[in-house]
file start17.cif (mmCIF, C-alpha atoms)
data_coords
loop_
_atom_site.label_atom_id
_atom_site.label_comp_id
_atom_site.auth_asym_id
_atom_site.auth_seq_id
_atom_site.Cartn_x
_atom_site.Cartn_y
_atom_site.Cartn_z
CA MET R 12 12.24 69.54 -19.03
CA ASN R 13 12.34 65.86 -19.95
CA ARG R 14 11.09 64.45 -23.22
CA ASN R 15 7.69 63.41 -21.86
CA THR R 16 6.92 66.84 -20.46
CA ARG R 17 8.02 68.44 -23.70
CA ILE R 18 5.67 66.32 -25.79
CA ASN R 19 2.79 67.05 -23.40
CA ALA R 20 3.49 70.78 -23.60
CA LEU R 21 3.59 70.61 -27.41
CA LEU R 22 0.19 68.86 -27.44
CA LEU R 23 -1.31 71.64 -25.31
CA LEU R 24 0.31 74.27 -27.50
CA ALA R 25 -1.17 72.71 -30.64
CA VAL R 26 -4.66 72.76 -29.09
CA ALA R 27 -4.23 76.40 -28.09
CA ALA R 28 -3.04 77.28 -31.60
CA LEU R 29 -6.05 75.55 -33.16
CA ALA R 30 -8.34 77.62 -30.94
CA VAL R 31 -6.58 80.94 -31.45
CA LEU R 32 -5.90 80.77 -35.21
CA PRO R 33 -9.52 81.30 -36.34
CA LEU R 34 -9.64 84.44 -34.17
CA VAL R 35 -6.30 85.80 -35.35
CA LEU R 36 -7.07 85.12 -39.02
CA GLY R 37 -10.43 86.86 -38.62
CA LEU R 38 -12.38 83.88 -39.94
CA GLY R 39 -15.57 85.20 -38.35
CA ASP R 40 -15.41 88.56 -40.10
CA HIS R 41 -17.80 87.59 -42.88
CA LYS R 42 -20.57 87.08 -40.34
CA GLU R 43 -22.90 89.62 -38.80
CA GLU R 44 -22.20 88.11 -35.42
CA PRO R 45 -18.84 86.36 -35.47
CA PHE R 46 -18.26 83.19 -33.44
CA THR R 47 -21.79 82.43 -32.31
CA GLY R 48 -22.55 78.87 -31.23
CA ALA R 49 -23.23 76.28 -33.92
CA ASP R 50 -26.25 75.11 -31.89
CA ALA R 51 -27.82 78.56 -32.15
CA GLU R 52 -27.02 78.71 -35.88
CA ALA R 53 -28.91 75.45 -36.36
CA GLU R 54 -31.92 76.96 -34.58
CA THR R 55 -31.77 79.94 -36.94
CA ALA R 56 -31.53 77.62 -39.95
CA ILE R 57 -34.63 75.74 -38.76
CA THR R 58 -36.64 78.95 -38.37
CA GLU R 59 -35.54 80.01 -41.86
CA MET R 60 -36.50 76.72 -43.46
CA GLU R 61 -39.75 76.29 -41.55
CA PRO R 62 -40.87 79.72 -40.40
CA ASP R 63 -44.05 78.18 -38.94
CA TYR R 64 -42.22 75.85 -36.59
CA GLU R 65 -42.92 76.64 -32.96
CA PRO R 66 -40.75 74.96 -30.31
CA TRP R 67 -43.36 73.01 -28.32
CA PHE R 68 -41.47 72.86 -25.05
CA SER R 69 -39.25 75.35 -23.29
CA PRO R 70 -36.44 74.75 -20.80
CA LEU R 71 -37.57 74.30 -17.20
CA TYR R 72 -34.82 76.64 -16.06
CA GLU R 73 -33.04 79.19 -18.18
CA PRO R 74 -30.01 81.16 -16.93
CA PRO R 75 -31.26 84.76 -16.69
CA SER R 76 -28.24 86.25 -18.50
CA GLY R 77 -25.25 85.38 -20.62
CA GLU R 78 -23.02 85.99 -17.61
CA ILE R 79 -24.88 83.48 -15.43
CA GLU R 80 -24.77 81.00 -18.30
CA SER R 81 -21.00 81.31 -18.71
CA ALA R 82 -20.63 81.04 -14.93
CA LEU R 83 -22.52 77.73 -15.03
CA PHE R 84 -20.36 76.50 -17.92
CA ALA R 85 -17.30 77.46 -15.88
CA VAL R 86 -18.71 75.47 -12.94
CA GLN R 87 -19.12 72.46 -15.21
CA ALA R 88 -15.53 72.73 -16.44
CA ALA R 89 -14.26 73.33 -12.89
CA ILE R 90 -15.98 70.21 -11.54
CA GLY R 91 -14.43 68.17 -14.34
CA ALA R 92 -10.98 69.69 -13.95
CA GLY R 93 -11.13 69.21 -10.17
CA VAL R 94 -11.94 65.51 -10.42
CA LEU R 95 -9.22 64.99 -13.05
CA ALA R 96 -6.66 66.80 -10.90
CA TYR R 97 -7.68 64.72 -7.86
CA TYR R 98 -7.23 61.53 -9.87
CA PHE R 99 -3.76 62.35 -11.17
CA GLY R 100 -2.63 63.79 -7.84
CA LEU R 101 -3.76 60.70 -5.98
CA ARG R 102 -2.01 58.39 -8.45
CA ARG R 103 1.20 60.35 -8.25
CA GLY R 104 1.11 60.41 -4.47
CA ARG R 105 0.45 56.68 -4.25
CA ARG R 106 3.27 55.90 -6.65
CA GLN R 107 5.72 58.09 -4.75
CA GLY R 108 4.62 56.48 -1.48
CA GLU R 109 5.22 53.02 -2.93
CA GLU R 110 8.62 54.03 -4.24
CA ARG R 111 9.57 55.43 -0.87
CA ALA R 112 8.42 52.34 0.96
CA LEU R 113 10.44 50.19 -1.44
CA ALA R 114 13.56 52.24 -1.23
CA ALA R 115 13.22 52.83 2.53
CA ARG R 116 15.13 56.04 2.02
CA PRO R 117 14.01 59.44 0.66
CA ASP R 118 13.08 58.98 -2.97
CA GLU R 119 15.77 60.16 -5.34
CA SER R 120 14.63 58.69 -8.65
CA ALA R 121 13.03 61.14 -11.07
CA GLY R 122 10.02 58.99 -11.96
CA ASP R 123 10.35 56.32 -14.60
CA MET N 21 -24.58 69.12 -31.20
CA HIS N 22 -27.20 70.02 -28.65
CA ILE N 23 -30.56 70.15 -30.33
CA ALA N 24 -32.37 72.84 -28.35
CA GLU N 25 -35.38 72.15 -26.16
CA GLY N 26 -38.58 71.76 -28.20
CA PHE N 27 -36.74 71.86 -31.51
CA LEU N 28 -37.62 68.33 -32.57
CA PRO N 29 -41.24 67.52 -33.49
CA PRO N 30 -42.84 65.27 -30.81
CA ALA N 31 -42.81 62.15 -33.02
CA HIS N 32 -39.07 62.51 -33.65
CA ALA N 33 -38.35 63.30 -30.01
CA ILE N 34 -40.15 60.15 -28.89
CA ALA N 35 -38.57 57.98 -31.58
CA TRP N 36 -35.02 59.02 -30.60
CA GLY N 37 -35.87 58.51 -26.95
CA VAL N 38 -37.10 54.98 -27.68
CA ALA N 39 -33.97 54.28 -29.75
CA SER N 40 -31.63 55.49 -27.00
CA ALA N 41 -33.32 53.95 -23.96
CA PRO N 42 -32.09 50.34 -24.41
CA PHE N 43 -28.49 51.53 -24.80
CA VAL N 44 -28.71 53.56 -21.60
CA VAL N 45 -30.31 50.64 -19.68
CA HIS N 46 -27.63 48.28 -20.98
CA GLY N 47 -25.02 50.90 -20.06
CA VAL N 48 -26.29 51.16 -16.47
CA ARG N 49 -25.96 47.37 -16.17
CA SER N 50 -22.41 47.40 -17.56
CA LEU N 51 -21.51 50.23 -15.23
CA THR N 52 -22.83 48.52 -12.09
CA ARG N 53 -21.12 45.28 -13.09
CA GLU N 54 -17.82 47.09 -13.66
CA VAL N 55 -18.01 48.86 -10.30
CA ARG N 56 -19.03 45.68 -8.44
CA GLU N 57 -16.34 43.50 -9.99
CA HIS N 58 -13.60 46.11 -9.99
CA PRO N 59 -14.27 48.69 -7.26
CA GLU N 60 -10.81 50.15 -7.92
CA SER N 61 -11.95 51.33 -11.36
CA THR N 62 -14.42 53.81 -9.82
CA LEU N 63 -11.71 56.46 -9.72
CA LEU N 64 -10.80 56.10 -13.38
CA LEU N 65 -14.50 56.01 -14.29
CA GLY N 66 -14.87 59.31 -12.47
CA ALA N 67 -11.89 60.71 -14.32
CA SER N 68 -13.38 59.67 -17.68
CA GLY N 69 -16.66 61.37 -16.80
CA ALA N 70 -14.75 64.42 -15.61
CA PHE N 71 -12.86 64.60 -18.90
CA MET N 72 -16.20 64.69 -20.72
CA PHE N 73 -17.46 67.40 -18.34
CA VAL N 74 -14.47 69.60 -19.10
CA LEU N 75 -14.44 69.09 -22.86
CA SER N 76 -18.17 69.54 -23.38
CA ALA N 77 -18.03 72.85 -21.50
CA LEU N 78 -15.23 74.22 -23.70
CA LYS N 79 -16.72 76.24 -26.51
CA LEU N 80 -13.97 76.84 -29.03
CA PRO N 81 -13.85 79.03 -32.12
CA SER N 82 -13.52 77.25 -35.44
CA VAL N 83 -12.59 77.93 -39.05
CA THR N 84 -16.22 78.55 -40.07
CA GLY N 85 -16.39 81.62 -37.84
CA SER N 86 -18.67 79.96 -35.33
CA CYS N 87 -18.09 78.20 -32.02
CA SER N 88 -18.71 74.64 -30.98
CA HIS N 89 -17.46 72.24 -28.33
CA PRO N 90 -15.79 68.83 -28.26
CA THR N 91 -17.61 65.88 -26.67
CA GLY N 92 -14.92 64.10 -24.65
CA THR N 93 -16.51 60.67 -25.14
CA GLY N 94 -13.62 58.99 -26.96
CA LEU N 95 -11.41 58.54 -23.89
CA GLY N 96 -14.01 56.70 -21.81
CA ALA N 97 -15.11 54.60 -24.79
CA ILE N 98 -11.54 53.41 -25.35
CA LEU N 99 -10.96 52.75 -21.63
CA PHE N 100 -14.29 51.22 -20.56
CA ARG N 101 -16.03 50.35 -23.86
CA PRO N 102 -18.95 52.31 -25.29
CA PRO N 103 -21.92 51.02 -23.22
CA ILE N 104 -20.63 52.79 -20.12
CA MET N 105 -20.35 56.04 -22.06
CA ALA N 106 -24.09 55.90 -22.76
CA VAL N 107 -24.56 56.47 -19.02
CA LEU N 108 -21.80 59.04 -18.47
CA GLY N 109 -22.93 60.94 -21.59
CA THR N 110 -26.55 60.97 -20.44
CA ILE N 111 -25.49 62.41 -17.07
CA THR N 112 -23.52 65.19 -18.80
CA LEU N 113 -26.39 65.98 -21.17
CA LEU N 114 -28.90 66.03 -18.29
CA PHE N 115 -26.71 68.44 -16.35
CA GLN N 116 -26.56 70.78 -19.34
CA ALA N 117 -30.26 70.45 -20.16
CA LEU N 118 -31.41 71.16 -16.60
CA LEU N 119 -28.95 73.84 -15.46
CA LEU N 120 -27.67 75.51 -18.63
CA ALA N 121 -30.75 75.37 -20.88
CA HIS N 122 -28.32 73.75 -23.31
CA GLY N 123 -29.98 70.88 -25.12
CA GLY N 124 -33.24 69.84 -23.52
CA LEU N 125 -35.40 67.16 -21.96
CA THR N 126 -37.54 66.66 -25.08
CA THR N 127 -34.42 66.39 -27.23
CA LEU N 128 -32.45 64.35 -24.67
CA GLY N 129 -33.09 61.10 -26.54
CA ALA N 130 -31.72 62.50 -29.80
CA ASN N 131 -28.73 64.12 -28.11
CA VAL N 132 -27.94 60.95 -26.15
CA PHE N 133 -28.14 58.99 -29.40
CA SER N 134 -25.55 61.18 -31.14
CA MET N 135 -23.16 62.00 -28.29
CA ALA N 136 -23.44 59.07 -25.90
CA ILE N 137 -24.15 56.18 -28.30
CA VAL N 138 -23.03 56.70 -31.92
CA GLY N 139 -19.97 58.83 -31.03
CA PRO N 140 -18.48 56.36 -28.52
CA TRP N 141 -19.23 53.32 -30.70
CA ALA N 142 -17.80 54.89 -33.87
CA GLY N 143 -14.69 56.09 -32.04
CA TYR N 144 -14.19 52.76 -30.28
CA GLY N 145 -14.65 50.91 -33.58
CA VAL N 146 -11.98 52.97 -35.31
CA TYR N 147 -9.63 52.58 -32.33
CA ARG N 148 -10.04 48.78 -32.29
CA LEU N 149 -9.62 48.54 -36.05
CA LEU N 150 -6.39 50.55 -36.00
CA ARG N 151 -5.06 48.56 -33.03
CA ARG N 152 -5.77 45.31 -34.81
CA TYR N 153 -3.38 46.43 -37.54
CA ASP N 154 -0.68 47.18 -34.95
CA VAL N 155 -1.01 50.92 -35.24
CA PRO N 156 0.74 52.59 -32.24
CA LEU N 157 -1.48 53.14 -29.21
CA MET N 158 -1.48 56.93 -29.34
CA VAL N 159 -2.31 57.04 -33.06
CA GLY N 160 -5.28 54.78 -32.36
CA VAL N 161 -6.34 56.97 -29.44
CA PHE N 162 -6.10 60.13 -31.56
CA PHE N 163 -8.28 58.77 -34.38
CA GLY N 164 -10.69 57.11 -31.94
CA ALA N 165 -11.33 60.43 -30.20
CA PHE N 166 -11.40 62.33 -33.51
CA VAL N 167 -14.04 60.02 -34.97
CA ALA N 168 -16.11 59.93 -31.75
CA ASP N 169 -16.28 63.72 -31.84
CA LEU N 170 -16.96 64.21 -35.54
CA SER N 171 -19.48 61.37 -35.92
CA THR N 172 -21.55 62.86 -33.09
CA TYR N 173 -22.03 66.06 -35.06
CA CYS N 174 -22.76 64.17 -38.28
CA VAL N 175 -25.56 62.32 -36.49
CA THR N 176 -26.96 65.62 -35.19
CA SER N 177 -27.02 66.93 -38.77
CA VAL N 178 -28.89 63.81 -39.94
CA GLN N 179 -31.36 64.10 -37.05
CA LEU N 180 -32.17 67.72 -37.89
CA ALA N 181 -32.36 67.04 -41.64
CA LEU N 182 -34.84 64.21 -40.98
CA ALA N 183 -37.01 66.51 -38.88
CA PHE N 184 -36.69 69.58 -41.11
CA PRO N 185 -36.20 68.57 -44.75
CA ASP N 186 -35.65 71.54 -47.03
CA PRO N 187 -38.91 72.60 -48.77
CA SER N 188 -37.23 72.51 -52.21
CA SER N 189 -34.19 70.23 -51.97
CA GLY N 190 -35.58 67.81 -49.39
CA PHE N 191 -33.61 65.71 -46.92
CA LEU N 192 -30.28 65.95 -48.76
CA GLY N 193 -30.51 69.71 -49.10
CA ALA N 194 -31.19 70.07 -45.40
CA LEU N 195 -28.40 67.61 -44.59
CA GLY N 196 -25.97 69.79 -46.55
CA LYS N 197 -27.13 72.84 -44.68
CA PHE N 198 -26.94 71.36 -41.17
CA GLY N 199 -23.76 69.51 -42.10
CA SER N 200 -22.07 72.78 -43.03
CA ILE N 201 -23.15 74.29 -39.71
CA PHE N 202 -22.10 71.35 -37.54
CA ALA N 203 -19.74 68.93 -39.24
CA VAL N 204 -17.43 71.41 -40.97
CA THR N 205 -17.14 73.56 -37.84
CA GLN N 206 -16.30 70.42 -35.91
CA ILE N 207 -13.30 69.21 -37.92
CA PRO N 208 -10.62 71.36 -36.21
CA LEU N 209 -12.33 70.80 -32.85
CA ALA N 210 -12.19 67.06 -33.39
CA VAL N 211 -8.45 67.42 -34.01
CA SER N 212 -8.17 69.33 -30.71
CA GLU N 213 -10.15 66.64 -28.94
CA GLY N 214 -7.89 63.97 -30.42
CA LEU N 215 -4.79 65.81 -29.17
CA LEU N 216 -6.24 66.35 -25.68
CA THR N 217 -7.29 62.71 -25.44
CA VAL N 218 -3.75 61.66 -26.42
CA LEU N 219 -2.41 63.98 -23.71
CA VAL N 220 -4.62 62.46 -21.00
CA MET N 221 -3.85 58.94 -22.23
CA ARG N 222 -0.12 59.71 -22.01
CA LEU N 223 -0.59 60.88 -18.43
CA LEU N 224 -2.57 57.72 -17.69
CA VAL N 225 0.15 55.53 -19.19
CA GLN N 226 2.63 57.25 -16.88
CA SER N 227 0.46 57.08 -13.78
CA SER N 228 -1.90 54.12 -14.09
CA LYS N 229 -0.14 51.29 -15.90
CA GLY N 230 -1.77 48.56 -13.85
CA GLU N 231 -5.25 49.86 -14.51
CA LEU N 232 -4.65 50.28 -18.26
CA THR N 233 -3.28 46.75 -18.46
CA ARG N 234 -6.32 45.33 -16.71
CA LEU N 235 -8.57 47.24 -19.14
CA GLY N 236 -6.61 45.85 -22.11
CA VAL N 237 -5.39 49.23 -23.32
CA LEU N 238 -1.79 48.30 -22.55
CA LEU N 239 -1.04 44.69 -23.26
CA THR N 240 2.11 44.08 -21.24
CA GLY N 241 2.08 47.13 -19.03
CA THR N 242 5.86 47.34 -19.06
CA ASP N 243 6.72 49.67 -21.91
CA PRO N 244 4.81 52.96 -22.13
CA LYS N 245 5.56 53.29 -25.82
CA GLU N 246 4.76 49.71 -26.60
CA ARG N 247 3.24 49.00 -29.95
CA ALA N 248 1.08 46.31 -28.42
CA VAL N 249 1.98 43.03 -29.98
CA SER N 250 -1.56 42.10 -30.75
CA ALA N 251 -2.20 38.44 -30.14
CA ARG N 252 -5.46 38.47 -32.08
#
call {"tool": "encode", "arguments": {"input": "start17.cif", "output": "structure tokens"}}
result
Amino acid sequence: MNRNTRINALLLLAVAALAVLPLVLGLGDHKEEPFTGADAEAETAITEMEPDYEPWFSPLYEPPSGEIESALFAVQAAIGAGVLAYYFGLRRGRRQGEERALAARPDESAGD
Amino acid sequence: MHIAEGFLPPAHAIAWGVASAPFVVHGVRSLTREVREHPESTLLLGASGAFMFVLSALKLPSVTGSCSHPTGTGLGAILFRPPIMAVLGTITLLFQALLLAHGGLTTLGANVFSMAIVGPWAGYGVYRLLRRYDVPLMVGVFFGAFVADLSTYCVTSVQLALAFPDPSSGFLGALGKFGSIFAVTQIPLAVSEGLLTVLVMRLLVQSSKGELTRLGVLLTGTDPKERAVSAR
């Protein structure tokens, strides 16, 4: 593993640690429902502060269940990840093609 | 930071819509100009939008015991300047409002204002400021993305506090309440977003030097770890 790859892996590891630590340390234990969405908590806070407030418009389409909703979130992430992967794959392929054309022999350099 | 459908009084919903509209119109113009003058940047524009799609779908646990998600707007703001993010952010928010019942059409203006306007501008401002003082590229990118993320949630807290001041402690009391729900939760997530944005920027430096040089992110385009000898 070269230095670049190692730094990239460390960055990913740090992000994973930041996400896992609150779960491992049980930081949601003081709540009735641990790890709910902050958006939903804000809605609850509004209804507590102004019990009379009635939302005056409702979503045109609402996913019928939590499962469908997480499926749609997964679709959103998959579309994004797919486009990102296409971008980096294309760049890499183009660069390798250019290197090959320049060298006019099978590429033997390991990148930059 | 998504204010749910119908959760802003009509007057507020309209006001935020009116405030956001000119930014989005200006953004559409910048975007069409960018694509017309530099058709080759379409790919990287797509990648910036895709990054936002991924990050805003990732709901992560945080120290407060609740979950929230990053915004992903810092990367595009640094690459293409903030006006273009007003458009990409609006597209993301529309997708979530229409298909996921996350956010909403009546609160679109307010959500666009926080995530697609203030976030990108604040992040870009911090990035430019740090770069002006010859701070290394990746440090600037980290803090740019961090600030873009966190400022978005601060704006959401202000928007909700304006609409729902606390009966006893008023605007400031409500701001404290919404701030503790949104802003505090967001701090570790903003760190994550900063790290992920640095990761993608590192990959871009390795793969797309020419493009980054044209966009002014890399100044010479020769040394990936360059500290950018700022001429200004």
call {"tool": "atom_distance", "arguments": {"input": "start17.cif", "atom1": "atom CA of R:Thr55", "atom2": "atom CA of N:Ala194"}}
result
13.0 Å
call {"tool": "residues_around", "arguments": {"input": "start17.cif", "residues": "stretch 152-162 of chain N", "least_positions_apart": "2", "cutoff": "6 Å", "atoms": "all atoms listed in the file", "output": "PyMOL selection string"}}
result
chain N and resi 147+149-150+164-165+214+218+247
call {"tool": "atom_distance", "arguments": {"input": "start17.cif", "atom1": "atom CA of N:Met105", "atom2": "atom CA of N:Arg56"}}
result
17.2 Å
call {"tool": "interface_residues", "arguments": {"input": "start17.cif", "of": "chain R", "to": "chain N", "cutoff": "8 Å", "atoms": "all atoms listed in the file", "output": "PyMOL selection string"}}
result
chain R and resi 19+22-23+25-26+29-31+33-34+37-42+45-50+52-54+56-57+60-61+65-74+80+83-85+87-92+94-95+98-99+102-103+106
call {"tool": "resolve_selection", "arguments": {"input": "start17.cif", "expression": "the PyMOL selection byres ((chain N and resi 230-232) around 10)", "output": "list in words"}}
result
Glu60, Ser61, Leu64, Leu99, Phe100, Met221, Leu224, Val225, Ser227, Ser228, Lys229, Thr233, Arg234, Leu235, Gly236, Val237, Leu238, Leu239, Thr240, Gly241 and Thr242 of chain N
call {"tool": "atom_distance", "arguments": {"input": "start17.cif", "atom1": "atom CA of R:Ala28", "atom2": "atom CA of R:Asn15"}}
result
20.1 Å
call {"tool": "axis_aligned_box", "arguments": {"input": "start17.cif", "around": "stretch 71-81 of chain N", "padding_each_side": "6 Å", "output": "JSON"}}
result
{"center_x": -15.5, "center_y": 71.8, "center_z": -25.2, "size_x": 17.3, "size_y": 26.4, "size_z": 25.8}
call {"tool": "resolve_selection", "arguments": {"input": "start17.cif", "expression": "the PyMOL selection byres ((chain N and resi 145) around 12)", "output": "list in words"}}
result
Gly94, Ala97, Ile98, Arg101, Pro102, Val138, Gly139, Pro140, Trp141, Ala142, Gly143, Tyr144, Val146, Tyr147, Arg148, Leu149, Leu150, Arg151, Arg152, Gly160, Val161, Phe163, Gly164, Ala165, Phe166, Val167, Ala168 and Ser171 of chain N
call {"tool": "residues_near_point", "arguments": {"input": "start17.cif", "point": "(-30.5, 54.1, -32.4)", "cutoff": "10 Å", "atoms": "all atoms listed in the file", "output": "PyMOL selection string"}}
result
chain N and resi 35-43+129-130+132-134+137-138
